[in-house]
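Undergrad: I'm passing along entry.pdb; it holds PDB, C-alpha atoms.
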ATOM      1  CA  MET A   1       0.000   0.000   0.000  1.00  0.00           C
ATOM      2  CA  THR A   2       1.245   3.425  -0.823  1.00  0.00           C
ATOM      3  CA  SER A   3       0.193   4.739   2.576  1.00  0.00           C
ATOM      4  CA  GLY A   4       2.535   2.252   4.164  1.00  0.00           C
ATOM      5  CA  LEU A   5       5.521   3.239   2.089  1.00  0.00           C
ATOM      6  CA  LYS A   6       8.632   4.295   3.885  1.00  0.00           C
ATOM      7  CA  SER A   7       9.707   7.904   4.027  1.00  0.00           C
ATOM      8  CA  SER A   8      12.337   8.862   1.470  1.00  0.00           C
ATOM      9  CA  ALA A   9      14.879   9.320   4.265  1.00  0.00           C
ATOM     10  CA  SER A  10      14.721   5.625   5.132  1.00  0.00           C
ATOM     11  CA  LYS A  11      15.117   4.489   1.538  1.00  0.00           C
ATOM     12  CA  SER A  12      18.440   3.492   0.070  1.00  0.00           C
ATOM     13  CA  ASN A  13      19.885   5.592  -2.718  1.00  0.00           C
ATOM     14  CA  PHE A  14      19.218   2.763  -5.137  1.00  0.00           C
ATOM     15  CA  GLU A  15      15.592   2.517  -4.057  1.00  0.00           C
ATOM     16  CA  GLN A  16      15.112   6.256  -4.440  1.00  0.00           C
ATOM     17  CA  GLN A  17      16.637   6.227  -7.897  1.00  0.00           C
ATOM     18  CA  LEU A  18      14.444   3.301  -8.883  1.00  0.00           C
ATOM     19  CA  LEU A  19      11.266   4.999  -7.701  1.00  0.00           C
ATOM     20  CA  ALA A  20      12.242   8.247  -9.418  1.00  0.00           C
ATOM     21  CA  CYS A  21      12.771   6.413 -12.683  1.00  0.00           C
ATOM     22  CA  LEU A  22       9.560   4.356 -12.815  1.00  0.00           C
ATOM     23  CA  LYS A  23       7.575   6.730 -15.020  1.00  0.00           C
ATOM     24  CA  ARG A  24      10.408   6.940 -17.515  1.00  0.00           C
ATOM     25  CA  LEU A  25      10.686   3.154 -17.544  1.00  0.00           C
ATOM     26  CA  ARG A  26       6.964   2.859 -18.243  1.00  0.00           C
ATOM     27  CA  ALA A  27       7.180   5.403 -21.055  1.00  0.00           C
ATOM     28  CA  TYR A  28      10.111   3.604 -22.657  1.00  0.00           C
ATOM     29  CA  ALA A  29       8.477   0.180 -22.299  1.00  0.00           C
ATOM     30  CA  SER A  30       5.246   1.547 -23.701  1.00  0.00           C
ATOM     31  CA  SER A  31       7.076   2.886 -26.744  1.00  0.00           C
ATOM     32  CA  LEU A  32       8.904  -0.401 -27.311  1.00  0.00           C
ATOM     33  CA  THR A  33       5.881  -2.656 -26.943  1.00  0.00           C
ATOM     34  CA  ARG A  34       3.025  -0.367 -28.036  1.00  0.00           C
ATOM     35  CA  ASN A  35       0.950  -2.293 -25.539  1.00  0.00           C
ATOM     36  CA  ALA A  36       0.259  -0.993 -22.031  1.00  0.00           C
ATOM     37  CA  ALA A  37      -0.185  -4.359 -20.328  1.00  0.00           C
ATOM     38  CA  GLU A  38       2.957  -5.853 -21.865  1.00  0.00           C
ATOM     39  CA  ALA A  39       4.874  -2.678 -21.053  1.00  0.00           C
ATOM     40  CA  ASP A  40       3.961  -2.899 -17.381  1.00  0.00           C
ATOM     41  CA  ASP A  41       4.927  -6.581 -17.258  1.00  0.00           C
ATOM     42  CA  ILE A  42       8.337  -5.674 -18.656  1.00  0.00           C
ATOM     43  CA  VAL A  43       8.729  -2.839 -16.160  1.00  0.00           C
ATOM     44  CA  GLN A  44       7.909  -5.211 -13.317  1.00  0.00           C
ATOM     45  CA  GLN A  45      10.477  -7.722 -14.515  1.00  0.00           C
ATOM     46  CA  THR A  46      13.016  -4.933 -14.995  1.00  0.00           C
ATOM     47  CA  ILE A  47      12.541  -3.788 -11.409  1.00  0.00           C
ATOM     48  CA  MET A  48      13.212  -7.293 -10.114  1.00  0.00           C
ATOM     49  CA  ILE A  49      16.263  -7.836 -12.309  1.00  0.00           C
ATOM     50  CA  ALA A  50      17.710  -4.427 -11.427  1.00  0.00           C
ATOM     51  CA  TRP A  51      17.206  -5.087  -7.738  1.00  0.00           C
ATOM     52  CA  GLU A  52      19.040  -8.408  -7.950  1.00  0.00           C
ATOM     53  CA  ARG A  53      21.892  -6.849  -9.902  1.00  0.00           C
ATOM     54  CA  GLN A  54      22.217  -3.561  -8.044  1.00  0.00           C
ATOM     55  CA  ALA A  55      25.673  -4.493  -6.821  1.00  0.00           C
ATOM     56  CA  ALA A  56      26.786  -4.448 -10.462  1.00  0.00           C
ATOM     57  CA  LEU A  57      25.961  -0.754 -10.771  1.00  0.00           C
ATOM     58  CA  ARG A  58      29.348   0.867 -10.246  1.00  0.00           C
ATOM     59  CA  ASP A  59      28.408   4.463 -10.956  1.00  0.00           C
ATOM     60  CA  ALA A  60      25.187   5.726  -9.379  1.00  0.00           C
ATOM     61  CA  GLU A  61      25.090   8.546 -11.929  1.00  0.00           C
ATOM     62  CA  ALA A  62      24.780   5.939 -14.668  1.00  0.00           C
ATOM     63  CA  PHE A  63      21.636   4.516 -13.082  1.00  0.00           C
ATOM     64  CA  VAL A  64      19.170   5.607 -15.784  1.00  0.00           C
ATOM     65  CA  PRO A  65      20.982   4.208 -18.844  1.00  0.00           C
ATOM     66  CA  TRP A  66      21.850   1.115 -16.798  1.00  0.00           C
ATOM     67  CA  ILE A  67      18.243   0.290 -15.933  1.00  0.00           C
ATOM     68  CA  MET A  68      16.971   1.312 -19.374  1.00  0.00           C
ATOM     69  CA  THR A  69      19.404  -1.217 -20.823  1.00  0.00           C
ATOM     70  CA  ILE A  70      18.018  -3.911 -18.534  1.00  0.00           C
ATOM     71  CA  LEU A  71      14.520  -3.043 -19.722  1.00  0.00           C
ATOM     72  CA  ARG A  72      15.591  -3.110 -23.357  1.00  0.00           C
ATOM     73  CA  ASN A  73      17.270  -6.509 -22.925  1.00  0.00           C
ATOM     74  CA  GLU A  74      14.154  -7.867 -21.253  1.00  0.00           C
ATOM     75  CA  PHE A  75      12.036  -6.598 -24.148  1.00  0.00           C
ATOM     76  CA  PHE A  76      14.284  -8.244 -26.747  1.00  0.00           C
ATOM     77  CA  MET A  77      14.363 -11.482 -24.783  1.00  0.00           C
ATOM     78  CA  ARG A  78      10.566 -11.593 -24.775  1.00  0.00           C
ATOM     79  CA  VAL A  79      10.433 -10.840 -28.479  1.00  0.00           C
ATOM     80  CA  ARG A  80      12.872 -13.655 -29.232  1.00  0.00           C
ATOM     81  CA  ARG A  81      10.993 -16.027 -26.963  1.00  0.00           C
ATOM     82  CA  ALA A  82       7.731 -15.237 -28.740  1.00  0.00           C
ATOM     83  CA  GLY A  83       9.354 -15.491 -32.160  1.00  0.00           C
ATOM     84  CA  ARG A  84       8.183 -12.012 -33.084  1.00  0.00           C
ATOM     85  CA  GLU A  85       9.822  -9.578 -35.472  1.00  0.00           C
ATOM     86  CA  ILE A  86      11.364  -6.383 -34.157  1.00  0.00           C
ATOM     87  CA  GLU A  87      12.061  -4.619 -37.395  1.00  0.00           C
ATOM     88  CA  ASP A  88       8.999  -2.969 -38.779  1.00  0.00           C
ATOM     89  CA  ILE A  89      10.521  -0.761 -41.386  1.00  0.00           C
ATOM     90  CA  ASP A  90       7.513  -0.771 -43.666  1.00  0.00           C
ATOM     91  CA  GLY A  91       5.165  -0.047 -40.784  1.00  0.00           C
ATOM     92  CA  THR A  92       2.916  -3.038 -41.457  1.00  0.00           C
ATOM     93  CA  TYR A  93       2.672  -4.068 -37.828  1.00  0.00           C
ATOM     94  CA  SER A  94       2.402  -0.453 -36.760  1.00  0.00           C
ATOM     95  CA  GLU A  95      -0.583   0.109 -39.017  1.00  0.00           C
ATOM     96  CA  ASN A  96      -2.312  -2.766 -37.280  1.00  0.00           C
ATOM     97  CA  CYS A  97      -1.516  -1.216 -33.928  1.00  0.00           C
ATOM     98  CA  ALA A  98      -2.883   2.189 -34.835  1.00  0.00           C
ATOM     99  CA  VAL A  99      -6.435   1.337 -33.802  1.00  0.00           C
ATOM    100  CA  GLU A 100      -5.234  -0.103 -30.522  1.00  0.00           C
ATOM    101  CA  ALA A 101      -3.232   3.027 -29.850  1.00  0.00           C
ATOM    102  CA  HIS A 102      -6.296   5.180 -30.355  1.00  0.00           C
ATOM    103  CA  GLN A 103      -8.271   3.015 -27.980  1.00  0.00           C
ATOM    104  CA  GLU A 104      -5.649   2.899 -25.269  1.00  0.00           C
ATOM    105  CA  VAL A 105      -4.637   6.532 -25.196  1.00  0.00           C
ATOM    106  CA  ALA A 106      -7.911   8.319 -24.814  1.00  0.00           C
ATOM    107  CA  THR A 107      -6.499  11.818 -24.938  1.00  0.00           C
ATOM    108  CA  GLU A 108      -6.191  14.613 -27.422  1.00  0.00           C
ATOM    109  CA  PHE A 109      -2.652  13.395 -28.014  1.00  0.00           C
ATOM    110  CA  ALA A 110      -3.733  10.009 -29.322  1.00  0.00           C
ATOM    111  CA  ASP A 111      -2.872  11.065 -32.863  1.00  0.00           C
ATOM    112  CA  VAL A 112       0.722  11.801 -31.864  1.00  0.00           C
ATOM    113  CA  MET A 113       1.008   8.459 -30.099  1.00  0.00           C
ATOM    114  CA  SER A 114      -0.549   6.682 -33.048  1.00  0.00           C
ATOM    115  CA  ALA A 115       1.872   8.406 -35.422  1.00  0.00           C
ATOM    116  CA  LEU A 116       4.792   7.482 -33.167  1.00  0.00           C
ATOM    117  CA  HIS A 117       3.649   3.868 -33.168  1.00  0.00           C
ATOM    118  CA  ARG A 118       3.793   3.823 -36.960  1.00  0.00           C
ATOM    119  CA  LEU A 119       7.493   4.758 -37.002  1.00  0.00           C
ATOM    120  CA  PRO A 120      10.194   2.113 -37.465  1.00  0.00           C
ATOM    121  CA  PHE A 121      11.370   0.626 -34.194  1.00  0.00           C
ATOM    122  CA  ASP A 122      14.778   2.310 -34.098  1.00  0.00           C
ATOM    123  CA  GLN A 123      13.390   5.799 -34.745  1.00  0.00           C
ATOM    124  CA  ARG A 124      10.548   5.355 -32.273  1.00  0.00           C
ATOM    125  CA  GLU A 125      12.967   4.195 -29.614  1.00  0.00           C
ATOM    126  CA  ALA A 126      15.416   7.054 -30.159  1.00  0.00           C
ATOM    127  CA  LEU A 127      12.683   9.703 -30.094  1.00  0.00           C
ATOM    128  CA  THR A 128      11.241   8.290 -26.879  1.00  0.00           C
ATOM    129  CA  LEU A 129      14.569   8.030 -25.096  1.00  0.00           C
ATOM    130  CA  VAL A 130      15.632  11.571 -25.992  1.00  0.00           C
ATOM    131  CA  PHE A 131      12.395  13.564 -25.990  1.00  0.00           C
ATOM    132  CA  VAL A 132      10.270  11.726 -23.449  1.00  0.00           C
ATOM    133  CA  ASP A 133      12.791  10.095 -21.136  1.00  0.00           C
ATOM    134  CA  GLN A 134      15.126  13.087 -21.497  1.00  0.00           C
ATOM    135  CA  LEU A 135      18.286  11.037 -21.988  1.00  0.00           C
ATOM    136  CA  SER A 136      21.326  12.674 -23.497  1.00  0.00           C
ATOM    137  CA  TYR A 137      22.405  11.475 -26.928  1.00  0.00           C
ATOM    138  CA  GLU A 138      25.318   9.760 -25.202  1.00  0.00           C
ATOM    139  CA  ASP A 139      23.109   7.857 -22.781  1.00  0.00           C
ATOM    140  CA  ALA A 140      20.595   6.981 -25.505  1.00  0.00           C
ATOM    141  CA  ALA A 141      23.446   5.606 -27.613  1.00  0.00           C
ATOM    142  CA  GLU A 142      24.625   3.518 -24.673  1.00  0.00           C
ATOM    143  CA  VAL A 143      21.154   2.062 -24.160  1.00  0.00           C
ATOM    144  CA  CYS A 144      20.688   1.318 -27.871  1.00  0.00           C
ATOM    145  CA  LYS A 145      24.241  -0.023 -28.213  1.00  0.00           C
ATOM    146  CA  CYS A 146      25.058   2.255 -31.119  1.00  0.00           C
ATOM    147  CA  SER A 147      27.072   5.390 -31.799  1.00  0.00           C
ATOM    148  CA  ILE A 148      25.962   8.921 -30.911  1.00  0.00           C
ATOM    149  CA  GLY A 149      25.924   9.696 -34.628  1.00  0.00           C
ATOM    150  CA  THR A 150      23.493   6.847 -35.216  1.00  0.00           C
ATOM    151  CA  ILE A 151      21.201   8.153 -32.490  1.00  0.00           C
ATOM    152  CA  LYS A 152      21.292  11.637 -34.020  1.00  0.00           C
ATOM    153  CA  SER A 153      20.481  10.174 -37.407  1.00  0.00           C
ATOM    154  CA  ARG A 154      17.567   8.151 -35.999  1.00  0.00           C
ATOM    155  CA  ILE A 155      16.257  11.254 -34.239  1.00  0.00           C
ATOM    156  CA  SER A 156      16.492  13.298 -37.415  1.00  0.00           C
ATOM    157  CA  ARG A 157      14.760  10.697 -39.565  1.00  0.00           C
ATOM    158  CA  GLY A 158      12.236   9.994 -36.833  1.00  0.00           C
ATOM    159  CA  ARG A 159      11.305  13.648 -36.491  1.00  0.00           C
ATOM    160  CA  SER A 160      10.793  13.987 -40.229  1.00  0.00           C
ATOM    161  CA  ARG A 161       8.726  10.851 -40.465  1.00  0.00           C
ATOM    162  CA  LEU A 162       6.675  11.713 -37.385  1.00  0.00           C
ATOM    163  CA  GLN A 163       5.859  15.108 -38.862  1.00  0.00           C
ATOM    164  CA  LEU A 164       4.851  13.419 -42.118  1.00  0.00           C
ATOM    165  CA  GLU A 165       2.592  11.024 -40.250  1.00  0.00           C
ATOM    166  CA  LEU A 166       0.985  13.890 -38.341  1.00  0.00           C
ATOM    167  CA  ASP A 167       0.490  15.876 -41.554  1.00  0.00           C
ATOM    168  CA  LYS A 168      -1.076  12.806 -43.123  1.00  0.00           C
ATOM    169  CA  ASN A 169      -3.446  12.469 -40.155  1.00  0.00           C
ATOM    170  CA  ASN A 170      -4.418  16.140 -40.426  1.00  0.00           C
ATOM    171  CA  SER A 171      -4.949  15.829 -44.151  1.00  0.00           C
ATOM    172  CA  GLU A 172      -7.134  12.746 -43.714  1.00  0.00           C
ATOM    173  CA  SER A 173      -9.123  14.505 -40.990  1.00  0.00           C
ATOM    174  CA  SER A 174      -9.751  17.573 -43.127  1.00  0.00           C
ATOM    175  CA  HIS A 175     -10.736  15.393 -46.097  1.00  0.00           C
ATOM    176  CA  SER A 176     -13.158  13.484 -43.883  1.00  0.00           C
ATOM    177  CA  ALA A 177     -14.610  16.751 -42.602  1.00  0.00           C
ATOM    178  CA  ALA A 178     -14.989  18.099 -46.142  1.00  0.00           C
ATOM    179  CA  TYR A 179     -16.597  14.851 -47.271  1.00  0.00           C
ATOM    180  CA  LYS A 180     -19.029  14.907 -44.362  1.00  0.00           C
ATOM    181  CA  SER A 181     -19.871  18.520 -45.092  1.00  0.00           C
ATOM    182  CA  CYS A 182     -20.651  17.659 -48.721  1.00  0.00           C
ATOM    183  CA  THR A 183     -22.767  14.608 -47.857  1.00  0.00           C
ATOM    184  CA  ASP A 184     -24.647  16.638 -45.211  1.00  0.00           C
ATOM    185  CA  ALA A 185     -25.305  19.351 -47.782  1.00  0.00           C
ATOM    186  CA  LEU A 186     -26.512  16.793 -50.341  1.00  0.00           C
ATOM    187  CA  ALA A 187     -28.726  15.105 -47.768  1.00  0.00           C
ATOM    188  CA  SER A 188     -30.425  18.388 -46.960  1.00  0.00           C
ATOM    189  CA  LEU A 189     -31.391  18.999 -50.632  1.00  0.00           C
TER
ATOM    190  CA  MET B   1      18.851  17.035 -22.488  1.00  0.00           C
ATOM    191  CA  ALA B   2      20.032  16.507 -25.996  1.00  0.00           C
ATOM    192  CA  ASP B   3      17.231  18.096 -27.935  1.00  0.00           C
ATOM    193  CA  SER B   4      14.438  20.189 -26.582  1.00  0.00           C
ATOM    194  CA  ASP B   5      13.729  22.474 -29.496  1.00  0.00           C
ATOM    195  CA  GLY B   6      10.562  22.617 -31.518  1.00  0.00           C
ATOM    196  CA  SER B   7       6.991  21.706 -30.876  1.00  0.00           C
ATOM    197  CA  LEU B   8       7.403  18.124 -32.037  1.00  0.00           C
ATOM    198  CA  GLY B   9       9.280  17.282 -28.867  1.00  0.00           C
ATOM    199  CA  ASP B  10       6.570  18.987 -26.827  1.00  0.00           C
ATOM    200  CA  LYS B  11       3.890  17.011 -28.621  1.00  0.00           C
ATOM    201  CA  LEU B  12       5.758  13.794 -27.932  1.00  0.00           C
ATOM    202  CA  ARG B  13       6.112  14.587 -24.256  1.00  0.00           C
ATOM    203  CA  GLN B  14       2.421  15.508 -24.092  1.00  0.00           C
ATOM    204  CA  ALA B  15       1.486  12.256 -25.809  1.00  0.00           C
ATOM    205  CA  PHE B  16       3.117  10.416 -22.923  1.00  0.00           C
ATOM    206  CA  SER B  17       1.455  12.583 -20.281  1.00  0.00           C
ATOM    207  CA  PRO B  18      -0.930   9.769 -19.247  1.00  0.00           C
ATOM    208  CA  ILE B  19       2.177   7.959 -18.047  1.00  0.00           C
ATOM    209  CA  MET B  20       4.424  10.836 -17.042  1.00  0.00           C
ATOM    210  CA  ASP B  21       1.907  13.062 -15.250  1.00  0.00           C
ATOM    211  CA  GLU B  22      -0.175  10.500 -13.432  1.00  0.00           C
ATOM    212  CA  PRO B  23       0.690   8.688 -10.204  1.00  0.00           C
ATOM    213  CA  ILE B  24       2.758   5.531 -10.449  1.00  0.00           C
ATOM    214  CA  PRO B  25       0.494   2.468 -10.242  1.00  0.00           C
ATOM    215  CA  PRO B  26       0.575   0.994  -6.713  1.00  0.00           C
ATOM    216  CA  ARG B  27       1.752  -2.405  -8.003  1.00  0.00           C
ATOM    217  CA  PHE B  28       5.180  -0.955  -8.747  1.00  0.00           C
ATOM    218  CA  LEU B  29       5.489   0.923  -5.472  1.00  0.00           C
ATOM    219  CA  GLU B  30       4.480  -2.185  -3.582  1.00  0.00           C
ATOM    220  CA  LEU B  31       6.957  -4.322  -5.505  1.00  0.00           C
ATOM    221  CA  VAL B  32       9.826  -1.950  -4.737  1.00  0.00           C
ATOM    222  CA  GLU B  33       8.851  -1.890  -1.077  1.00  0.00           C
ATOM    223  CA  LYS B  34       8.712  -5.688  -0.938  1.00  0.00           C
ATOM    224  CA  LEU B  35      12.123  -5.914  -2.544  1.00  0.00           C
ATOM    225  CA  ALA B  36      13.511  -3.367  -0.124  1.00  0.00           C
ATOM    226  CA  ASP B  37      12.086  -5.336   2.760  1.00  0.00           C
ATOM    227  CA  GLY B  38      13.633  -8.496   1.396  1.00  0.00           C
ATOM    228  CA  LYS B  39      10.287 -10.175   0.881  1.00  0.00           C
ATOM    229  CA  LYS B  40      10.753 -11.025  -2.774  1.00  0.00           C
TER
END
Any chance you could put this one into structure tokens?
TA:
Amino acid sequence: MTSGLKSSASKSNFEQQLLACLKRLRAYASSLTRNAAEADDIVQQTIMIAWERQAALRDAEAFVPWIMTILRNEFFMRVRRAGREIEDIDGTYSENCAVEAHQEVATEFADVMSALHRLPFDQREALTLVFVDQLSYEDAAEVCKCSIGTIKSRISRGRSRLQLELDKNNSESSHSAAYKSCTDALASL
Amino acid sequence: MADSDGSLGDKLRQAFSPIMDEPIPPRFLELVEKLADGKK
């Protein structure tokens, strides 16, 4: 129970860092999986793994990329176990997820989330780590096991593609509105 | 932060506001407390 939680003074530094990072872990897992329930399962597993391995964390300042890496590894392990495909360059899987995204994120920002979900995995991951989880390029590169230049490139391409997706959404919305206006006008004749 | 310019980043952050702005689900807080207490 939250009411029974210890005061922050009695918590270890590791525990405090873990609690402070939970929302960012959920955001990252949500972006990787595009499924809220699966994301939370991965976060739960990540918490347990990180707790067991906390002695391996040499530099407390590296906590965030360290635990994000654990989460990422857990995600990939589940994908391999399930025999699923990670790469979704053509967006086929993402298109199928678009409806789910709209249903799950019942906010005015559902279109942005839906557009993000249609991006290729590597771009979606880089955008989430840098813009949402506020990691530096260096830390994002460490988590994704790639160079800083690669992260910058993924961010650049991801931003362009996200904007395109959003423009496409807006265009489709305005076409739908125009179509409805025409059919309403015809119906009233 | 590596990149905070432009409205696209703001839109992305806002899209995640259901996660980032709302309380952490109790299941995670309880799990951390159990681990800290050595119950897990």
Undergrad: For CA of Ala110 (chain A) and CA of Ser31 (chain A), quote the distance in Å rounded to one decimal.
TA: 13.2 Å
Undergrad: Between A:Phe75, A:Phe63, A:Phe121, A:Tyr28, single out the one closest to chain B, counting all atoms listed in the file.
TA: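 Ranking A:Phe75, A:Phe63, A:Phe121, A:Tyr28 by distance to chain B, first place goes to A:Tyr28.
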Undergrad: Just say which residues the ChimeraX specification (/B :<6) & /A picks in this file, as a PyMOL selection string.
TA: chain A and resi 23+109+113+131-132+134+136-137
Undergrad: Between CA of Cys146 (chain A) and CA of Val79 (chain A), what is the distance, to one decimal in Å?
TA: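 Distance reported for this atom pair: 19.8 Å.
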Undergrad: Written as a PyMOL selection string, which residues does the PyMOL selection byres ((chain A and resi 39-42) around 8) give for the file shown?
TA: chain A and resi 26+29-30+32-38+43-46+71+74-75
Undergrad: Give me, please, the distance in Å between CA of Leu116 (chain A) and CA of Leu164 (chain A), quoted to one decimal.
TA: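 Computed distance, CA of Leu116 (chain A) to CA of Leu164 (chain A), equals 10.7 Å.
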Undergrad: Report the residues retrieved by the PyMOL selection byres ((chain A and resi 165) around 9) from the displayed file, expressed as a list of chain:residue names.
TA: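 Selected by the PyMOL selection byres ((chain A and resi 165) around 9) here: A:Val112, A:Ser114, A:Ala115, A:Leu116, A:Arg118, A:Leu119, A:Ser160, A:Arg161, A:Leu162, A:Gln163, A:Leu164, A:Leu166, A:Asp167, A:Lys168, A:Asn169, A:Asn170.
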Undergrad: Report as a VMD selection string all protein, DNA and RNA residues lying within 12 Å of Asp122 (chain A), evaluated on only C-alpha atoms, omitting residues in the same chain fewer than 4 positions from it.
TA: chain A and resid 31 to 32 86 to 89 91 116 to 118 126 to 129 140 to 141 143 to 146 150 to 158
Undergrad: Set up a box along x, y and z of the file covering all listed atoms of region 159-169 of chain A, add 5 Å on every one of the six sides, and write the centre and edge lengths in Å to one decimal, as lines of an AutoDock Vina configuration file.
TA:
center_x = 3.9
center_y = 13.4
center_z = -39.8
size_x = 24.8
size_y = 15.0
size_z = 16.6
Undergrad: Quick one: residues within 7 Å of region 64-68 of chain A, all atoms listed in the file, excluding same-chain residues fewer than 4 positions away - as a PyMOL selection string?
TA: chain A and resi 25+50+72+139+142-143
Undergrad: Grab the residues selected above and save them as a JSON list (two decimals), keeping the file's coordinate frame with C-alpha atoms.
TA:
[["chain", "number", "residue", "atom", "x", "y", "z"],
["A", 25, "LEU", "CA", 10.69, 3.15, -17.54],
["A", 50, "ALA", "CA", 17.71, -4.43, -11.43],
["A", 72, "ARG", "CA", 15.59, -3.11, -23.36],
["A", 139, "ASP", "CA", 23.11, 7.86, -22.78],
["A", 142, "GLU", "CA", 24.62, 3.52, -24.67],
["A", 143, "VAL", "CA", 21.15, 2.06, -24.16]]
